[in-house]
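Okay, so here's the structure we're looking at.
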Amino acid sequence: MSTATLNGACPECETDLTVPPVVQGETLSCPECLLTLRVEDVADGRLTLQMVEVQLRDWGQ
């Protein structure tokens, strides 16, 4: 019995990613560069991923 997976590549470090089924708008982390990625599109088992801009809090130091 096989489990369905989706494939994509990190837009930053180009690491190949294999993940369980996800839907458009979900986020995941690249295991290589730890970047947060958002699923922009899922088509024919391939993911289109976009980097999520992370706003770091300015603690005024």
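By order in the structure tokens, chains are A, B, ...; within a chain, residues start at 1; ligands start at 1, following the order shown.
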Practice item. Write out as a VMD selection string each polymer residue whose atoms come within 8 Å of Val52 of chain A, counting only C-alpha atoms; drop sequence neighbours fewer than 5 positions from it. Key: chain A and resid 35 to 38
Review point. Using only C-alpha atoms, which residues sit within 9 Å of Gly45 of chain A once same-chain residues fewer than 6 positions away are excluded, as a PyMOL selection string?
Key: chain A and resi 4-8+21
Practice item. Would you kindly return, as a ChimeraX atom specification, each protein, DNA or RNA residue with an atom no farther than 12 Å from any atom of Cys13 of chain A, considering only C-alpha atoms and excluding same-chain residues fewer than 4 positions away? Key: /A:8-9,17,30-35,37,51
Exercise for review: Please return as JSON, numbers by chain: the residues of chain A that backbone DSSP assigns to strand (DSSP E or B).
Suggested key: {"A": [6, 7, 8, 9, 16, 17, 18, 19, 27, 28, 29, 36, 37, 38, 39, 40, 41, 42, 43, 46, 47, 48, 49, 50, 51]}
Study note, to complete from the structure: re atom CA of Glu12 of chain A and atom CA of Thr27 of chain A: distance 15.0 Å
